[in-house]
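As provided, entry-v9.txt (compact mmCIF, C-alpha atoms) reads as follows.
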# COMPACT_ATOMS: atom_id res chain seq x y z
CA MET A 1 18.93 27.60 -11.82
CA LYS A 2 22.62 28.45 -11.39
CA LYS A 3 25.09 25.63 -10.78
CA SER A 4 26.08 27.29 -7.51
CA ASP A 5 22.47 26.99 -6.30
CA ILE A 6 22.23 23.23 -6.79
CA GLN A 7 24.76 22.00 -4.23
CA PRO A 8 23.13 23.70 -1.20
CA LEU A 9 19.76 22.29 -2.30
CA VAL A 10 21.23 18.78 -2.46
CA PHE A 11 22.68 19.07 1.04
CA ASP A 12 19.45 20.52 2.40
CA TRP A 13 17.51 17.63 0.81
CA ILE A 14 19.66 14.89 2.30
CA ARG A 15 20.01 16.64 5.67
CA LYS A 16 16.25 16.12 6.10
CA ARG A 17 16.62 12.46 5.22
CA GLN A 18 19.56 11.33 7.31
CA VAL A 19 19.87 7.56 7.51
CA THR A 20 21.65 7.50 10.91
CA ASP A 21 21.61 9.48 14.14
CA GLU A 22 25.20 10.67 13.63
CA PRO A 23 25.97 14.38 13.14
CA PHE A 24 25.28 15.20 9.51
CA VAL A 25 28.89 15.99 8.63
CA HIS A 26 30.05 12.61 9.98
CA GLU A 27 27.32 10.66 8.20
CA LEU A 28 28.09 12.41 4.92
CA GLY A 29 31.78 11.74 5.41
CA ASP A 30 31.06 8.02 5.80
CA VAL A 31 28.85 8.00 2.69
CA LEU A 32 31.41 9.82 0.53
CA GLU A 33 34.48 8.35 2.24
CA LEU A 34 35.83 11.85 2.90
CA SER A 35 37.44 13.58 5.87
CA THR A 36 35.45 15.98 8.00
CA ASP A 37 37.41 18.91 6.55
CA SER A 38 36.64 17.80 2.98
CA VAL A 39 32.94 17.53 3.79
CA TYR A 40 32.90 21.01 5.33
CA ARG A 41 34.50 22.46 2.18
CA ARG A 42 31.69 20.97 0.11
CA LEU A 43 29.04 22.18 2.55
CA ARG A 44 30.46 25.72 2.34
CA GLY A 45 30.55 25.54 -1.46
CA GLU A 46 34.32 25.89 -1.66
CA THR A 47 34.61 22.49 -3.39
CA ALA A 48 32.12 21.18 -5.92
CA LEU A 49 30.71 17.68 -5.69
CA ASN A 50 32.11 15.48 -8.45
CA LEU A 51 30.04 13.02 -10.50
CA TYR A 52 30.99 10.03 -8.33
CA GLU A 53 29.93 11.87 -5.18
CA ILE A 54 26.62 12.94 -6.71
CA GLU A 55 25.95 9.38 -7.86
CA ARG A 56 26.80 8.03 -4.41
CA ILE A 57 24.59 10.54 -2.62
CA THR A 58 21.56 9.93 -4.86
CA GLU A 59 22.00 6.17 -4.46
CA VAL A 60 22.25 6.20 -0.65
CA TYR A 61 19.50 8.76 -0.07
CA ASP A 62 17.30 7.44 -2.89
CA PHE A 63 16.49 10.55 -4.93
CA SER A 64 17.27 12.13 -8.28
CA LEU A 65 18.56 15.62 -9.03
CA ASP A 66 15.28 16.36 -10.84
CA GLU A 67 13.46 15.98 -7.52
CA VAL A 68 15.75 18.48 -5.83
CA MET A 69 15.91 21.03 -8.60
CA GLY A 70 12.19 21.09 -9.39
CA THR A 71 12.95 22.67 -12.74
CA SER A 72 9.74 21.62 -14.50
CA ALA A 73 6.09 21.92 -13.57
CA THR A 74 5.14 19.20 -16.04
CA ARG A 75 7.89 16.59 -15.55
CA LEU A 76 8.31 14.52 -12.41
CA ALA A 77 10.81 11.93 -11.22
CA PHE A 78 9.26 8.61 -10.16
CA ASN A 79 10.81 5.55 -8.58
CA TYR A 80 9.58 2.34 -10.20
CA LYS A 81 9.70 -1.20 -8.86
CA PRO A 82 8.64 -3.48 -11.72
CA ILE A 83 8.00 -7.11 -10.89
CA ARG A 84 9.81 -9.31 -13.38
CA GLU A 85 9.84 -13.08 -12.99
CA GLU A 86 13.44 -13.40 -14.13
CA SER A 87 14.95 -10.59 -12.05
CA PHE A 88 12.65 -9.05 -9.45
CA HIS A 89 10.78 -11.84 -7.66
CA PHE A 90 7.48 -11.48 -5.87
CA ILE A 91 9.11 -12.07 -2.49
CA ASP A 92 11.35 -9.06 -3.29
CA TYR A 93 8.21 -7.04 -3.92
CA LEU A 94 6.86 -7.94 -0.50
CA LYS A 95 10.22 -7.07 1.08
CA TYR A 96 10.05 -3.69 -0.68
CA ILE A 97 6.53 -3.09 0.69
CA ASP A 98 7.63 -4.23 4.15
CA ASN A 99 10.59 -1.84 4.15
CA MET A 100 8.39 0.99 2.88
CA MET A 101 5.78 0.44 5.59
CA SER A 102 8.24 -0.02 8.46
CA THR A 103 10.02 3.20 7.44
CA ILE A 104 6.73 5.12 7.42
CA ALA A 105 5.61 3.65 10.75
CA ALA A 106 8.92 4.63 12.39
CA THR A 107 8.63 8.31 11.46
CA SER A 108 7.06 10.98 13.63
CA ASN A 109 3.32 11.56 13.14
CA PRO A 110 2.82 9.75 9.81
CA ARG A 111 -0.52 9.89 8.02
CA MET A 112 -1.74 7.71 5.15
CA TYR A 113 -4.45 8.51 2.61
CA TYR A 114 -5.67 5.55 0.56
CA MET A 115 -8.03 5.50 -2.43
CA ALA A 116 -9.02 1.84 -2.65
CA ASN A 117 -10.37 0.31 -5.85
CA ASP A 118 -9.78 -3.11 -4.29
CA ILE A 119 -9.56 -4.40 -0.73
CA PRO A 120 -6.63 -2.40 0.69
CA PHE A 121 -3.51 -4.47 0.19
CA PHE A 122 -2.62 -4.28 3.87
CA GLN A 123 -6.07 -5.48 4.96
CA LEU A 124 -5.65 -8.60 2.83
CA MET A 125 -3.09 -9.72 5.38
CA ASN A 126 -5.99 -10.21 7.81
CA SER A 127 -7.28 -13.11 5.69
CA PRO A 128 -4.61 -15.68 4.78
CA LEU A 129 -7.00 -17.45 2.37
CA ILE A 130 -7.95 -14.29 0.47
CA ALA A 131 -4.34 -13.07 0.53
CA SER A 132 -3.03 -16.35 -0.89
CA PHE A 133 -5.65 -16.26 -3.65
CA LYS A 134 -4.84 -12.65 -4.56
CA LEU A 135 -1.09 -13.31 -4.58
CA PHE A 136 -1.66 -16.33 -6.85
CA PHE A 137 -4.01 -14.35 -9.11
CA TRP A 138 -1.56 -11.48 -9.48
CA GLN A 139 1.36 -13.76 -10.36
CA LYS A 140 -0.54 -16.03 -12.74
CA THR A 141 -3.06 -13.72 -14.38
CA ILE A 142 -1.79 -10.15 -14.04
CA LEU A 143 1.97 -10.71 -14.23
CA ASP A 144 1.72 -13.84 -16.44
CA PHE A 145 4.61 -15.63 -14.74
CA LYS A 146 5.68 -18.66 -16.77
CA ALA A 147 6.06 -20.80 -13.66
CA TYR A 148 2.31 -20.37 -13.03
CA LYS A 149 1.14 -21.09 -16.59
CA HIS A 150 -0.12 -24.62 -15.90
CA LEU A 151 -0.83 -24.20 -12.19
CA LYS A 152 -4.28 -24.04 -10.67
CA PHE A 153 -5.10 -22.33 -7.39
CA LYS A 154 -4.98 -24.77 -4.51
CA LEU A 155 -6.36 -24.09 -1.06
CA PHE A 156 -4.18 -23.84 2.03
CA GLU A 157 -0.81 -23.69 0.26
CA LYS A 158 1.67 -22.46 2.86
CA ASN A 159 4.67 -20.20 2.32
CA ASP A 160 6.45 -19.32 5.57
CA ALA A 161 8.51 -16.48 4.06
CA ILE A 162 5.43 -14.77 2.61
CA ASN A 163 3.48 -15.30 5.84
CA GLU A 164 6.23 -13.71 7.92
CA LEU A 165 6.48 -10.70 5.61
CA SER A 166 2.70 -10.36 5.56
CA ARG A 167 2.56 -10.19 9.36
CA SER A 168 5.31 -7.56 9.40
CA ILE A 169 3.57 -5.44 6.73
CA ARG A 170 0.27 -5.69 8.59
CA LYS A 171 1.87 -4.67 11.90
CA SER A 172 3.31 -1.49 10.37
CA TYR A 173 -0.02 -0.67 8.71
CA PHE A 174 -1.82 -0.95 12.05
CA GLU A 175 0.54 1.64 13.53
CA ILE A 176 -0.06 4.27 10.83
CA PRO A 177 -3.20 6.43 11.13
CA SER A 178 -5.04 6.33 7.82
CA VAL A 179 -7.95 7.85 5.95
CA GLU A 180 -9.36 5.56 3.26
CA ILE A 181 -12.05 5.83 0.59
CA TYR A 182 -13.89 2.68 -0.44
CA SER A 183 -16.08 2.16 -3.50
CA PRO A 184 -18.24 -0.64 -4.96
CA GLN A 185 -15.06 -1.92 -6.66
CA THR A 186 -13.39 -2.38 -3.28
CA ILE A 187 -15.23 -5.67 -2.84
CA GLY A 188 -16.37 -6.19 -6.43
CA THR A 189 -12.86 -6.62 -7.83
CA THR A 190 -12.16 -9.70 -5.69
CA LEU A 191 -15.56 -11.23 -6.45
CA ARG A 192 -14.95 -10.85 -10.19
CA GLN A 193 -11.55 -12.50 -9.83
CA ILE A 194 -13.06 -15.48 -7.99
CA GLU A 195 -15.80 -15.73 -10.62
CA TYR A 196 -13.25 -15.61 -13.44
CA TYR A 197 -11.19 -18.43 -11.94
CA LEU A 198 -14.31 -20.56 -11.38
CA TYR A 199 -15.62 -20.24 -14.94
CA THR A 200 -12.22 -20.60 -16.61
CA GLY A 201 -11.16 -23.68 -14.66
CA HIS A 202 -8.29 -22.16 -12.69
CA PHE A 203 -9.36 -23.73 -9.37
CA GLU A 204 -8.02 -27.19 -8.55
CA ASP A 205 -11.25 -27.70 -6.61
CA LEU A 206 -14.30 -25.71 -7.79
CA LYS A 207 -15.56 -25.52 -4.20
CA ALA A 208 -12.59 -23.27 -3.42
CA SER A 209 -14.77 -20.45 -4.79
CA LEU A 210 -17.27 -21.05 -1.97
CA LEU A 211 -14.61 -21.09 0.72
CA LEU A 212 -13.20 -17.86 -0.67
CA CYS A 213 -16.65 -16.30 -0.43
CA ASP A 214 -16.83 -17.42 3.21
CA ALA A 215 -13.39 -15.90 3.88
CA LEU A 216 -14.46 -12.71 2.11
CA ASP A 217 -17.54 -12.56 4.36
CA GLN A 218 -15.30 -12.76 7.41
CA LEU A 219 -12.93 -10.09 6.09
CA VAL A 220 -15.79 -7.70 5.27
CA GLU A 221 -17.18 -8.12 8.79
CA HIS A 222 -13.71 -7.41 10.16
CA LEU A 223 -13.46 -4.25 8.05
CA ARG A 224 -16.84 -3.21 9.47
CA ASN A 225 -15.59 -3.74 13.03
CA GLN A 226 -12.43 -1.72 12.44
CA CYS A 227 -14.48 1.11 10.96
CA GLU A 228 -16.84 1.03 13.94
CA TYR A 229 -14.03 1.48 16.46
CA GLY A 230 -11.83 3.73 14.32
CA HIS A 231 -8.83 1.46 14.89
CA LYS A 232 -7.04 -1.22 12.87
CA ASN A 233 -6.19 -4.62 14.21
CA SER A 234 -6.05 -8.30 13.25
CA ILE A 235 -9.11 -10.53 13.42
CA LYS A 236 -7.39 -12.53 16.17
CA ASN A 237 -6.86 -9.46 18.37
CA MET A 238 -10.18 -7.73 17.66
CA ASP A 239 -11.97 -8.84 20.85
CA ALA A 240 -9.13 -7.50 23.01
CA MET A 241 -9.15 -4.26 21.06
CA GLU A 242 -12.91 -3.79 21.56
CA ALA A 243 -12.42 -4.20 25.30
CA GLU A 244 -9.62 -1.63 25.43
CA ILE A 245 -11.02 1.09 23.16
CA SER A 246 -13.83 3.34 24.25
CA MET A 247 -16.30 4.44 21.61
CA ASP A 248 -15.59 7.99 22.86
CA ASP A 249 -11.88 7.60 22.10
CA GLU A 250 -10.95 10.64 19.99
CA GLN A 251 -7.81 9.00 18.62
CA ASP A 252 -9.13 8.01 15.19
CA MET A 253 -6.49 5.75 13.72
CA TYR A 254 -8.84 4.60 10.97
CA LYS A 255 -11.30 6.87 9.17
CA VAL A 256 -13.14 5.35 6.21
CA TYR A 257 -15.49 6.84 3.62
CA PHE A 258 -17.58 5.28 0.86
CA ASN A 259 -17.98 6.77 -2.61
CA ASP A 260 -20.43 5.26 -5.10
CA ILE A 261 -18.57 6.38 -8.21
CA LEU A 262 -14.88 6.12 -7.30
CA TYR A 263 -12.99 4.19 -9.93
CA THR A 264 -9.27 4.67 -10.10
CA ASP A 265 -6.02 2.82 -9.66
CA ALA A 266 -5.13 2.45 -6.01
CA THR A 267 -3.40 5.61 -4.80
CA ILE A 268 -1.63 5.94 -1.47
CA LEU A 269 -0.47 9.32 -0.18
CA VAL A 270 1.79 9.40 2.88
CA LYS A 271 2.59 12.52 4.88
CA MET A 272 5.51 12.35 7.28
CA GLU A 273 7.32 14.91 9.38
CA ASN A 274 9.96 15.75 6.76
CA GLN A 275 8.50 14.56 3.48
CA LYS A 276 5.46 13.74 1.42
CA VAL A 277 5.36 10.62 -0.75
CA SER A 278 2.84 9.55 -3.38
CA TYR A 279 2.49 5.88 -4.35
CA LEU A 280 0.63 4.92 -7.51
CA THR A 281 -0.05 1.49 -8.93
CA ASN A 282 0.75 0.51 -12.49
CA ASN A 283 -1.08 -2.51 -13.95
CA GLY A 284 -2.67 -3.09 -10.58
CA LEU A 285 0.47 -4.05 -8.66
CA ASN A 286 3.71 -2.39 -9.80
CA VAL A 287 4.51 0.61 -7.61
CA LEU A 288 5.40 4.09 -8.83
CA SER A 289 6.46 6.56 -6.16
CA THR A 290 7.48 10.19 -6.09
CA LYS A 291 8.53 12.58 -3.34
CA ASP A 292 7.53 15.62 -5.39
CA GLU A 293 5.63 17.90 -3.00
CA GLY A 294 3.69 19.66 -5.77
CA PHE A 295 2.33 16.35 -7.03
CA PHE A 296 1.45 15.30 -3.47
CA ASP A 297 -0.32 18.58 -2.75
CA ASN A 298 -2.38 18.32 -5.95
CA SER A 299 -3.22 14.69 -5.18
CA ILE A 300 -4.25 15.42 -1.60
CA ARG A 301 -6.52 18.22 -2.82
CA THR A 302 -8.21 15.74 -5.16
CA PHE A 303 -8.46 13.24 -2.31
CA GLU A 304 -10.10 15.82 -0.04
CA ILE A 305 -12.61 16.83 -2.74
CA LEU A 306 -13.54 13.16 -3.17
CA ARG A 307 -13.71 12.64 0.59
CA ARG A 308 -16.12 15.56 1.02
CA LYS A 309 -18.37 13.98 -1.61
CA SER A 310 -18.23 10.60 0.11
CA THR A 311 -20.16 9.10 3.01
CA ASN A 312 -18.45 8.56 6.35
CA ILE A 313 -18.73 4.86 7.30
CA SER A 314 -16.37 4.87 10.27
CA LYS A 315 -16.91 5.58 13.95
CA GLY A 316 -20.22 7.24 14.77
CA ALA A 317 -21.86 6.56 11.40
CA ASP A 318 -23.71 3.37 12.29
CA ARG A 319 -26.53 3.60 9.75
CA ASP A 320 -24.38 4.39 6.72
CA ARG A 321 -21.68 1.94 7.76
CA ASN A 322 -24.13 -0.93 8.19
CA ARG A 323 -25.89 -0.11 4.94
CA THR A 324 -22.58 -0.14 3.06
CA PHE A 325 -21.24 -3.35 4.55
CA ASN A 326 -24.60 -5.12 4.33
CA THR A 327 -24.58 -4.33 0.62
CA PHE A 328 -21.09 -5.84 0.37
CA LEU A 329 -22.28 -8.99 2.14
CA GLU A 330 -25.37 -9.24 -0.08
CA ARG A 331 -23.14 -9.11 -3.16
CA ILE A 332 -20.98 -11.91 -1.77
CA ASP A 333 -24.06 -13.99 -0.94
CA LYS A 334 -25.47 -13.48 -4.44
CA ALA A 335 -22.16 -14.53 -5.99
CA ARG A 336 -21.98 -17.57 -3.70
CA SER A 337 -25.43 -18.70 -4.85
CA GLN A 338 -24.42 -18.36 -8.49
CA PHE A 339 -21.22 -20.30 -7.86
CA LYS A 340 -23.18 -23.11 -6.18
CA LEU A 341 -25.48 -23.42 -9.19
CA TYR A 342 -22.52 -23.54 -11.56
CA ILE A 343 -20.70 -26.15 -9.48
CA LYS A 344 -23.86 -28.27 -9.36
CA SER A 345 -24.17 -27.96 -13.15
CA GLN A 346 -20.72 -29.53 -13.41
CA GLY A 347 -22.01 -32.63 -11.60
CA ILE A 348 -20.36 -31.75 -8.28
CA GLU A 349 -22.46 -32.01 -5.14
In structure tokens, how does this file's structure come out?
Amino acid sequence: MKKSDIQPLVFDWIRKRQVTDEPFVHELGDVLELSTDSVYRRLRGETALNLYEIERITEVYDFSLDEVMGTSATRLAFNYKPIREESFHFIDYLKYIDNMMSTIAATSNPRMYYMANDIPFFQLMNSPLIASFKLFFWQKTILDFKAYKHLKFKLFEKNDAINELSRSIRKSYFEIPSVEIYSPQTIGTTLRQIEYYLYTGHFEDLKASLLLCDALDQLVEHLRNQCEYGHKNSIKNMDAMEAEISMDDEQDMYKVYFNDILYTDATILVKMENQKVSYLTNNGLNVLSTKDEGFFDNSIRTFEILRRKSTNISKGADRDRNRTFNTFLERIDKARSQFKLYIKSQGIE
């Protein structure tokens, strides 16, 4: 690629991703602290962008030159948000997710595709007890935060900041139409985590495992209800939603499939009016994202192949949906029985 070809590509890239409603030349002038005439000279190619200007543009519009140039079919640019106890706190992670989701929800005609090897992160927000357990598990066991080393999970711990962010994330998720693929791991992962904490003594009260099973029951039933109506909502607002939505409503906000053999890291693909974004998880929680359209297109093809080989469990598929969710509930009930026996063996009635 010639140097003279790069600058128009950069401007075309950021023009599609304006951060304000101002005319493009004015917005760019504010970003680069340049006069309108100076911006026009750069847009016409009469003046080259200097290193400071390139750095400023890529920072404000959140991209790299590799993304724009597309010079390699085998190398991609990813954004990475590692969670480090000493520098990037978990509350920052939730703020990042909240900003990501609100941005997607605010765009025109967004669409989300989610391969779920665990309960979808956004659905966890429908169960404060399960969400608090998962957040604790991730910080103590997956991320190995030092502050959690000697802590045990305690029921009904309240964190107002996390609760507020969770509600905001959930609200945005409800507004984004999505297609999701579940697997046996979708529910099995959480059950194994509860089992691990019970047998390794990480619960302050062993009976917390039973209450978590009860909460998981409730969440699974809520997932079933959302699939039945093809719409997402909170448990609290579900009755009102059922009254408002006709079963003949063609506006499928929530389409869900079940695949017996799916086993992969959670992958979220988002298609918006002006861009395509792929989100991958690293070590279960850290987020990798790329706006590379080739990667997105390949990933969505894989998603569609998997979807075609999966069973629809959303609206109109009563038999398959009930069979799938009844199996989930049976697994929870079996685990609950095992937990009760173990707790009794520890001399706890």
Q: Find the distance between atom CA of A:Ile169 and atom CA of A:Asn126 and write it in Å to one decimal.
A: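 It comes out at 10.7 Å.
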Q) For A:Leu211, which residue among A:Asp333, A:Asp260, A:Tyr199, A:Tyr113 is the nearest when counting only C-alpha atoms? A) A:Asp333
Q: Would you mind listing what lies within 8 Å of A:Leu32 as a PyMOL selection string, with all atoms listed in the file counted and same-chain residues fewer than 6 positions away left out?
A: chain A and resi 53+56-57
Q.
Would you compute the distance between atom CA of A:Arg44 and atom CA of A:Val10? Give it in Å to one decimal.
A. 12.5 Å
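You will find atom CA of A:Lys344 at 19.2 Å from atom CA of A:Leu191.
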Q) Nearest to A:Ala215: which of A:Phe295, A:Phe174, A:Phe133, A:Tyr257 is it, counting all atoms listed in the file? A)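 Result for the nearest residue to A:Ala215: A:Phe133.
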